[in-house]
Amino acid sequence: MEIKTERQNGTLIAKVEGRVDSANAREFENALSSAISDDDTYVIADFEGLSYISSSGLRVILLIAKTLRSRNAKFALCSLSGPIGEVFKISGFDKIISIYGSQAEALAG
Amino acid sequence: MAQAQFKILVVDDEPDLEHLVRQRMRRDVRAGRYLFAFAHNGIEALEILNEDPDIDMVLTDINMPQMDGLTLLEQIPKVDPNIRSVIVSAYGDMKNIRTAMNRGAFDFVTKPIDFQDLRITIDRTLHHMALWRDALASRDKLVALQNELHVASEMQQSILPTQFPDLPGCQVFGNMAPARAVGGDFFDIVNLEKGRIGLAIADVSDKGVPAALFMMSSRTLLKGTAIGDPNPGRVLTEVNDLLEQDNEAAMFVTMFYAVFDPATGKLVYANGGHNPPIIVRPDGSSTVPPQTDGIALGIMPDVDFTQNEITLSPGDILVLYTDGVTEAMNSRGEEFEMDRLRAVFAAAQWDDARRANQAVFDAVHAFAGETPQFDDITCLTLLYRGREP
């Protein structure tokens with residue numbers, strides 16, 4: 001698992017690559033939380049390079065979403081592969097987190 | 001490391017050493033770096049070591065009455081294997097020095113004692129002791145962590161049903177194969193009024209003790225609520241609200257819950273963000289029942305979980321499973337997926353819930369081969385025979 005970040009006009013884009021499972025969920029949580037600064041008003045997690053996410057990983061996404069919501073910052077996911085989109089759909093996470101087809105759409109949204 | 005106070009036992013039959021140590025090391029003692037204790041032979045030294053567990057290091061002469069230093073060296077580890085010993089020998093007495101080293105002495109100093117050298121030797125020994133203690137503490141922490149995981153795993157095992165109801169017209173069997181690290185899957189079978197049974201399968205996010213506690217709550221709340229209400233939608237709505245309160249850690253559980261009536265074949269179900277089950281027909285074909293509204297439990301309050309109703313026909317099999325089944329991986333990185341699960345039931349006709357359930361595990365294991373299992377694998381099977389004619 002690797003996270004690469006860049007900022008575009010006050011929006012943080014975190015590209016998550018590889019696998020997130022129970023073995024590295026803590027690492028994922030720490031990496032993602034420390035990448036986000038208090039000034040970020042919009043955070044987009046780009047999952048284009050994500051090959052697998054377990055429920056431990058979903059929990060991290062939920063934690064980040066809750067934290068950002070508590071300080072009125074926006075959070076969205078984009079570019080989910082078919083199977084990962086399915087995980088978000090089955091668990092119902094797509095109902096509480098904005099999901100976009102591409103990074104451009106997420107930036108526009 | 002100099003801040004930590006270390007206790008050193010000095011052993012010599014001649015009073016000179018005690019006197020010299022007290023005098024030459026007085027500043028170190030006053031600074032609180034070392035504490036000294038004194039003994040005059042090996043026997044006395046062992047008595048002190050037995051009484052005082054705080055001694056870190058022994059500085060001992062070799063030639064003493066009653067019990068000499070070399071014999072003492074052999075005895076010290078029996079009292080405490082973590083004590084380090086330094087011997088005081090005559091200059092050039094290589095034979096005794098070698099014997100002492102072979103018996104586990106950490107270092108040696110020679111007579112007449114050069115106190116500058118003794119101080120360096122003591123510090124070096126104590127530095128080693130401090131590192132050694134750190135290592136021991138880390139090891140203890142690791143052991144504690146392993147114990148904790150063991151507790152979590154026992155909690156998980158303890159909530160799984162071991163008795164399966166043998167009801168007229170239907171058979172139920174479930175099993176969970178835990179991943180190496182503690183996972184969060186569980187299933188439950190609840191006996192309800194009028195011969196109905198509640199069937200639940202669930203997957204808690206995350207692992208370890210907090211997740212295991214969350215699992216216990218989920219299961220207890222489900223059981224308690226299920227007994228009082230025959231409507232799966234309302235049951236999940238209530239369990240969700242209860243779980244969501246005080247859930248700072250943002251844990252959640254995906255859960256499919258159904259109430260089955262063997263008398264009529266009626267199956268009412270609701271889904272909290274879990275993988276939908278499959279229903280296998282007697283000809284081996286399988287379908288996924290219509291989806292209902294809901295999300296994983298514990299995330300947000302006031303979610304309305306809808307329920308749906310279908311009727312099973314005699315010979316139908318209901319298969320509940322967790323993503324450990326469909327996401328099991330093989331060496332090529334492919335996932336087991338639903339198609340392979342369906343294939344297990346298409347390949348043979350099953351007239352026994354236990355064997356059908358086991359066939360799923362066999363197929364997953366055969367598929368995964370040597371690839372390590374990352375997640376718990378859980379499957380619960382209901383075989384409906386229908387009422388006896």
# chains A, B, ... in the order shown; residues from 1 in each chain; ligands from 1
$ select_by_dssp --residues "segment 10-85 of chain A" --states "strand (DSSP E)" --output "VMD selection string"
chain A and resid 11 to 20 42 to 46 50 to 53 74 to 78
$ interface_residues --of "chain B" --to "chain A" --cutoff "10 Å" --atoms "only C-alpha atoms" --output "ChimeraX atom specification"
/B:181-184,203-208,211,248-255,271-276,291,293-297,299-300,323-324,327,337,374-375
$ write_last_selection --atoms "N, CA and C atoms" --output "compact mmCIF listing (two decimals), in the first residue's frame"
# COMPACT_ATOMS: atom_id res chain seq x y z
N ALA B 181 -4.61 -13.98 11.75
CA ALA B 181 -4.90 -12.91 12.72
C ALA B 181 -6.38 -13.03 13.03
N VAL B 182 -6.78 -12.54 14.20
CA VAL B 182 -8.17 -12.66 14.58
C VAL B 182 -9.05 -11.84 13.66
N GLY B 183 -10.08 -12.45 13.17
CA GLY B 183 -10.98 -11.74 12.28
C GLY B 183 -12.24 -11.34 13.00
N GLY B 184 -13.27 -11.04 12.24
CA GLY B 184 -14.48 -10.55 12.88
C GLY B 184 -15.76 -11.17 12.38
N ASP B 203 -20.00 -9.72 9.63
CA ASP B 203 -18.56 -9.50 9.49
C ASP B 203 -18.24 -8.14 10.13
N VAL B 204 -17.47 -8.19 11.23
CA VAL B 204 -17.12 -6.95 11.93
C VAL B 204 -15.86 -6.37 11.30
N SER B 205 -15.86 -5.04 11.11
CA SER B 205 -14.68 -4.39 10.56
C SER B 205 -13.55 -4.53 11.56
N ASP B 206 -12.35 -4.61 11.07
CA ASP B 206 -11.16 -4.61 11.92
C ASP B 206 -11.03 -5.88 12.76
N LYS B 207 -9.92 -5.95 13.48
CA LYS B 207 -9.60 -7.16 14.23
C LYS B 207 -9.09 -6.82 15.62
N GLY B 208 -8.80 -7.84 16.40
CA GLY B 208 -8.26 -7.61 17.74
C GLY B 208 -9.36 -7.49 18.78
N ALA B 211 -12.47 -5.08 18.30
CA ALA B 211 -13.39 -5.64 17.31
C ALA B 211 -14.14 -6.82 17.91
N GLU B 248 -17.21 5.59 18.98
CA GLU B 248 -16.16 6.54 18.62
C GLU B 248 -15.16 5.93 17.64
N ALA B 249 -14.93 4.65 17.78
CA ALA B 249 -13.89 4.01 16.98
C ALA B 249 -14.34 3.76 15.54
N ALA B 250 -15.58 4.17 15.22
CA ALA B 250 -16.12 4.00 13.88
C ALA B 250 -16.07 2.54 13.42
N MET B 251 -16.38 1.64 14.34
CA MET B 251 -16.45 0.24 13.94
C MET B 251 -17.82 -0.01 13.35
N PHE B 252 -17.90 -1.04 12.54
CA PHE B 252 -19.21 -1.37 12.00
C PHE B 252 -19.27 -2.87 11.75
N VAL B 253 -20.47 -3.35 11.53
CA VAL B 253 -20.64 -4.77 11.23
C VAL B 253 -21.62 -4.88 10.07
N THR B 254 -21.25 -5.68 9.10
CA THR B 254 -22.21 -5.97 8.04
C THR B 254 -22.96 -7.22 8.48
N MET B 255 -24.28 -7.21 8.29
CA MET B 255 -25.05 -8.35 8.79
C MET B 255 -26.26 -8.63 7.91
N ASN B 271 -31.06 -6.71 5.17
CA ASN B 271 -29.61 -6.75 4.97
C ASN B 271 -28.93 -5.45 5.39
N GLY B 272 -27.96 -5.61 6.30
CA GLY B 272 -27.17 -4.46 6.74
C GLY B 272 -25.82 -4.48 6.07
N GLY B 273 -25.82 -4.18 4.77
CA GLY B 273 -24.55 -4.04 4.04
C GLY B 273 -23.73 -5.30 3.89
N HIS B 274 -24.36 -6.45 3.98
CA HIS B 274 -23.63 -7.71 3.87
C HIS B 274 -23.77 -8.31 2.46
N ASN B 275 -22.84 -9.21 2.12
CA ASN B 275 -22.96 -9.90 0.84
C ASN B 275 -24.31 -10.61 0.79
N PRO B 276 -25.08 -10.43 -0.29
CA PRO B 276 -26.38 -11.09 -0.34
C PRO B 276 -26.21 -12.61 -0.44
N GLN B 291 -32.68 -7.36 -3.52
CA GLN B 291 -32.00 -6.57 -2.50
C GLN B 291 -32.99 -5.75 -1.68
N ASP B 293 -33.13 -2.35 1.31
CA ASP B 293 -32.36 -1.16 1.67
C ASP B 293 -31.66 -1.34 3.02
N GLY B 294 -30.47 -0.83 3.10
CA GLY B 294 -29.76 -0.88 4.37
C GLY B 294 -28.28 -0.64 4.16
N ILE B 295 -27.60 -0.30 5.24
CA ILE B 295 -26.14 -0.17 5.18
C ILE B 295 -25.54 -0.90 6.37
N ALA B 296 -24.23 -1.00 6.39
CA ALA B 296 -23.55 -1.67 7.50
C ALA B 296 -24.00 -1.04 8.82
N LEU B 297 -24.11 -1.87 9.87
CA LEU B 297 -24.65 -1.40 11.14
C LEU B 297 -23.58 -0.69 11.98
N ILE B 299 -22.87 2.65 11.71
CA ILE B 299 -22.29 3.82 11.04
C ILE B 299 -23.09 5.09 11.29
N MET B 300 -24.40 5.02 11.06
CA MET B 300 -25.22 6.21 11.27
C MET B 300 -26.57 5.83 11.84
N ASP B 323 -17.44 -12.27 2.93
CA ASP B 323 -16.54 -11.99 1.80
C ASP B 323 -15.25 -12.80 1.86
N GLY B 324 -15.01 -13.46 3.02
CA GLY B 324 -13.85 -14.36 3.10
C GLY B 324 -13.97 -15.49 2.09
N GLU B 327 -13.85 -13.54 -1.65
CA GLU B 327 -12.60 -12.82 -1.90
C GLU B 327 -11.36 -13.64 -1.58
N GLU B 337 -14.81 -15.50 -5.90
CA GLU B 337 -16.00 -14.89 -6.51
C GLU B 337 -17.25 -15.76 -6.42
N PHE B 374 -6.36 -14.37 4.26
CA PHE B 374 -6.32 -13.05 4.89
C PHE B 374 -7.52 -12.75 5.77
N ASP B 375 -8.62 -13.41 5.48
CA ASP B 375 -9.86 -13.05 6.16
C ASP B 375 -10.54 -14.33 6.65
$ residues_around --residues "Asp362 of chain B" --least-positions-apart "3" --cutoff "12 Å" --atoms "only C-alpha atoms" --output "list in words"
Ala177, Val325, Arg340, Leu341, Val344, Arg355, Ala356, Asn357, Gln358, Ala359, His365, Ala366, Phe367, Ala368, Gly369, Ile377 and Cys379 of chain B
$ atom_distance --atom1 "atom CA of Thr326 of chain B" --atom2 "atom CA of Ile44 of chain A"
28.5 Å
$ atom_distance --atom1 "atom CA of Gly42 of chain B" --atom2 "atom CA of Met67 of chain B"
4.6 Å
$ select_by_dssp --residues "segment 11-96 of chain A" --states "alpha helix (DSSP H)" --output "tab-separated table (two decimals) with C-alpha atoms, in the first residue's frame"
chain	number	residue	atom	x	y	z
A	25	ALA	CA	-5.06	-0.92	7.95
A	26	ARG	CA	-3.38	0.91	10.85
A	27	GLU	CA	-0.58	2.04	8.57
A	28	PHE	CA	-3.21	3.18	6.05
A	29	GLU	CA	-5.04	5.12	8.78
A	30	ASN	CA	-1.85	6.85	9.96
A	31	ALA	CA	-0.65	7.64	6.44
A	32	LEU	CA	-3.98	9.07	5.35
A	33	SER	CA	-4.60	11.07	8.54
A	34	SER	CA	-1.15	12.61	8.50
A	35	ALA	CA	-1.46	13.48	4.81
A	55	SER	CA	-13.50	-4.15	6.03
A	56	SER	CA	-10.63	-2.84	8.19
A	57	GLY	CA	-9.84	-0.49	5.31
A	58	LEU	CA	-13.47	0.57	5.03
A	59	ARG	CA	-13.37	1.44	8.71
A	60	VAL	CA	-10.44	3.80	8.05
A	61	ILE	CA	-12.40	5.47	5.22
A	62	LEU	CA	-15.34	5.85	7.59
A	63	LEU	CA	-13.12	7.38	10.30
A	64	ILE	CA	-11.68	9.89	7.82
A	65	ALA	CA	-15.16	10.73	6.53
A	66	LYS	CA	-16.42	11.30	10.08
A	67	THR	CA	-13.43	13.46	11.03
A	68	LEU	CA	-13.74	15.60	7.91
A	69	ARG	CA	-17.50	15.96	8.31
A	70	SER	CA	-17.08	17.10	11.91
A	82	GLY	CA	-15.51	-2.80	-10.42
A	83	PRO	CA	-14.93	-5.13	-7.45
A	84	ILE	CA	-14.07	-2.24	-5.09
A	85	GLY	CA	-17.13	-0.30	-6.21
A	86	GLU	CA	-19.10	-3.45	-5.43
A	87	VAL	CA	-17.69	-3.55	-1.86
A	88	PHE	CA	-18.84	0.05	-1.31
A	89	LYS	CA	-22.23	-0.72	-2.81
A	90	ILE	CA	-22.88	-3.90	-0.82
A	91	SER	CA	-21.83	-2.36	2.49
$ residues_around --residues "segment 1-13 of chain A" --least-positions-apart "3" --cutoff "7 Å" --atoms "only C-alpha atoms" --output "list in words"
Val16, Glu17, Gly18, Arg19, Val20, Asp40, Thr41, Tyr42, Val43, Ile44, Ala45 and Asp46 of chain A
$ residues_around --residues "Glu148 of chain B" --least-positions-apart "2" --cutoff "12 Å" --atoms "only C-alpha atoms" --output "ChimeraX atom specification"
/B:141-146,150-155,181-182,207-213
$ atom_distance --atom1 "atom CA of Leu383 of chain B" --atom2 "atom CA of Asp351 of chain B"
7.5 Å
$ residues_around --residues "Asp117 of chain B" --least-positions-apart "6" --cutoff "12 Å" --atoms "only C-alpha atoms" --output "JSON, numbers by chain"
{"B": [88, 107, 108, 109, 110, 111, 123, 124]}
$ residues_around --residues "segment 126-135 of chain B" --least-positions-apart "3" --cutoff "9 Å" --atoms "only C-alpha atoms" --output "MDAnalysis selection string"
chainID B and resid 1:2 4 6 56:57 82:84 121:123 138:140
